[in-house]
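For reference, the structure discussed in these notes is given below.
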Amino acid sequence: MIRVTLYTRPGCHLCELVERVLHHVAAKRPFELEIRNIDQNADDLEKYRNDIPVVTVNGREIARHRLTAAAMEAALDEAGSNI
């Protein structure tokens with residue numbers, strides 16, 4: 001299964017928009033979604049402090065700050081072809 005990780009934090013309006021895109025795409029295309037609050041992990045906070053939201057697919061960053069459904073579907077297609 002393809003693993004998607006959203007790096008976020010509470011109160012981030014861009015994060016909320018990207019999370020909505022992820023749930024919209026997930027309704028059509030199955031993937032495992034992990035939502036990580038960067039405030040709960042020192043390494044995540046150091047890496048992404050000023051750059052959230054960040055989305056990775058199978059560990060590869062595919063988006064920072066914004067994400068469209070089309071870009072997410074393209075990333076899933078690419079990840080699926082690499083399995």
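Residues are named by chain letter and number: chains run A, B, ... in the order of the structure tokens, numbers start at 1 in each chain, and ligands are numbered from 1 in the order shown.
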All alpha helix (DSSP H) positions in chain A, as a ChimeraX atom specification: /A:13-26,42-48,69-81
Close residues, A:Lys28 itself excluded, 12 Å, only C-alpha atoms, min 2 positions apart in chain, as a list in words: Val21, Leu22, His23, His24, Val25, Ala26, Pro30, Phe31, Ala69, Met72, Glu73 and Leu76 of chain A
DSSP-assigned strand (DSSP E) among chain A, expressed as a ChimeraX atom specification: /A:3-8,32-37,54-57,60-64
For atom CA of A:Pro53 and atom CA of A:Arg20, the interatomic separation in Å (one decimal): 12.1 Å
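Compared by their closest atoms to A:Asn41, and using only C-alpha atoms, the residues A:Glu16, A:Asn58, A:Ile2, A:Tyr7 rank with A:Tyr7 nearest.
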Top pick for closest residue to A:Arg60, considering A:Met1, A:Tyr48, A:Asp43, A:Ala79 and counting only C-alpha atoms: A:Ala79
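Taking atom CA of A:Pro10 and atom CA of A:Asp44 as endpoints, the distance between them is 14.2 Å.
Residue nearest A:Ala74, chosen from A:Arg29, A:Leu6, A:Val54, A:Gly11 and counting only C-alpha atoms: A:Arg29.
Each of A:Thr68, A:Thr5, A:Ser81, A:Thr56 was checked against A:Glu32 using only C-alpha atoms; the smallest atom-to-atom distance is that of A:Thr5.
Atom CA of A:Ile62 lies 14.9 Å from atom CA of A:Asn82.
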Contact residues around A:Asn50 with only C-alpha atoms at 12 Å, ignoring same-chain residues under 3 positions, as a PyMOL selection string: chain A and resi 7-9+12+38-39+44-47+53-54+64-65
Save out the residues we just selected, all heavy atoms, as a compact mmCIF listing (two decimals), in the first residue's frame.
```txt
# COMPACT_ATOMS: atom_id res chain seq x y z
N TYR A 7 2.79 16.41 7.01
CA TYR A 7 3.43 17.09 8.15
C TYR A 7 2.66 18.39 8.38
O TYR A 7 2.53 19.21 7.45
CB TYR A 7 4.90 17.37 7.86
CG TYR A 7 5.71 16.10 7.76
CD1 TYR A 7 5.84 15.44 6.54
CD2 TYR A 7 6.31 15.55 8.89
CE1 TYR A 7 6.57 14.26 6.45
CE2 TYR A 7 7.04 14.37 8.80
CZ TYR A 7 7.16 13.74 7.57
OH TYR A 7 7.88 12.57 7.49
N THR A 8 2.17 18.57 9.59
CA THR A 8 1.25 19.66 9.89
C THR A 8 1.44 20.14 11.32
O THR A 8 2.32 19.66 12.03
CB THR A 8 -0.20 19.17 9.67
OG1 THR A 8 -1.11 20.24 9.86
CG2 THR A 8 -0.57 18.01 10.57
N ARG A 9 0.63 21.09 11.73
CA ARG A 9 0.55 21.51 13.12
C ARG A 9 -0.81 22.19 13.32
O ARG A 9 -1.40 22.68 12.36
CB ARG A 9 1.70 22.43 13.51
CG ARG A 9 1.64 23.78 12.93
CD ARG A 9 2.64 24.83 13.36
NE ARG A 9 3.64 24.48 14.30
CZ ARG A 9 4.87 24.98 14.32
NH1 ARG A 9 5.22 25.87 13.41
NH2 ARG A 9 5.72 24.63 15.23
N CYS A 12 -2.83 25.59 11.42
CA CYS A 12 -2.24 25.88 10.11
C CYS A 12 -3.35 25.79 9.05
O CYS A 12 -3.80 24.69 8.71
CB CYS A 12 -1.13 24.87 9.82
SG CYS A 12 -0.50 24.93 8.13
N ILE A 38 4.11 18.29 13.67
CA ILE A 38 5.55 18.52 13.82
C ILE A 38 5.92 19.00 15.22
O ILE A 38 7.07 18.87 15.62
CB ILE A 38 6.08 19.51 12.75
CG1 ILE A 38 5.50 20.90 12.92
CG2 ILE A 38 5.88 18.96 11.36
CD1 ILE A 38 6.19 21.97 12.10
N ASP A 39 4.95 19.53 15.95
CA ASP A 39 5.23 19.98 17.32
C ASP A 39 5.48 18.81 18.27
O ASP A 39 5.99 19.00 19.37
CB ASP A 39 4.08 20.83 17.86
CG ASP A 39 3.96 22.16 17.14
OD1 ASP A 39 4.99 22.68 16.65
OD2 ASP A 39 2.84 22.68 17.06
N ASP A 44 11.06 16.46 13.24
CA ASP A 44 10.10 17.04 12.29
C ASP A 44 10.04 18.55 12.46
O ASP A 44 10.01 19.29 11.46
CB ASP A 44 8.70 16.46 12.52
CG ASP A 44 8.58 15.00 12.13
OD1 ASP A 44 9.48 14.47 11.45
OD2 ASP A 44 7.56 14.38 12.52
N LEU A 45 10.04 19.02 13.70
CA LEU A 45 9.98 20.46 13.95
C LEU A 45 11.20 21.17 13.37
O LEU A 45 11.08 22.20 12.71
CB LEU A 45 9.86 20.73 15.45
CG LEU A 45 9.72 22.20 15.84
CD1 LEU A 45 8.47 22.82 15.23
CD2 LEU A 45 9.69 22.32 17.36
N GLU A 46 12.36 20.59 13.57
CA GLU A 46 13.59 21.19 13.05
C GLU A 46 13.57 21.24 11.52
O GLU A 46 13.95 22.23 10.90
CB GLU A 46 14.80 20.39 13.53
CG GLU A 46 16.12 20.89 13.00
CD GLU A 46 16.51 22.26 13.54
OE1 GLU A 46 16.08 22.62 14.64
OE2 GLU A 46 17.26 22.97 12.83
N LYS A 47 13.09 20.18 10.92
CA LYS A 47 13.11 20.07 9.46
C LYS A 47 12.04 20.93 8.78
O LYS A 47 12.28 21.52 7.73
CB LYS A 47 12.91 18.60 9.07
CG LYS A 47 13.10 18.30 7.62
CD LYS A 47 13.10 16.81 7.38
CE LYS A 47 13.38 16.49 5.93
NZ LYS A 47 13.36 15.06 5.66
N PRO A 53 2.32 23.05 5.12
CA PRO A 53 2.32 21.60 5.13
C PRO A 53 3.32 21.01 4.13
O PRO A 53 3.63 21.62 3.11
CB PRO A 53 0.90 21.24 4.72
CG PRO A 53 0.47 22.39 3.85
CD PRO A 53 1.15 23.60 4.44
N VAL A 54 3.77 19.82 4.46
CA VAL A 54 4.62 19.03 3.57
C VAL A 54 3.95 17.68 3.40
O VAL A 54 3.46 17.10 4.38
CB VAL A 54 6.05 18.87 4.14
CG1 VAL A 54 6.86 17.89 3.31
CG2 VAL A 54 6.75 20.22 4.23
N ARG A 64 4.91 21.05 -0.92
CA ARG A 64 5.19 21.94 0.21
C ARG A 64 4.25 23.13 0.08
O ARG A 64 4.18 23.72 -0.99
CB ARG A 64 6.64 22.40 0.13
CG ARG A 64 7.32 22.58 1.45
CD ARG A 64 8.79 22.87 1.22
NE ARG A 64 9.58 21.68 1.45
CZ ARG A 64 10.46 21.55 2.42
NH1 ARG A 64 10.73 22.56 3.21
NH2 ARG A 64 11.11 20.43 2.59
N HIS A 65 3.52 23.43 1.11
CA HIS A 65 2.61 24.58 1.19
C HIS A 65 1.28 24.37 0.49
O HIS A 65 0.25 24.77 1.02
CB HIS A 65 3.27 25.87 0.68
CG HIS A 65 4.57 26.18 1.34
ND1 HIS A 65 4.67 26.61 2.63
CD2 HIS A 65 5.84 26.07 0.88
CE1 HIS A 65 5.93 26.78 2.95
NE2 HIS A 65 6.67 26.46 1.90
```
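Closest to A:Ala71 among A:Ala42, A:Val55, A:Ile35, A:Leu17 is A:Val55, based on only C-alpha atoms.
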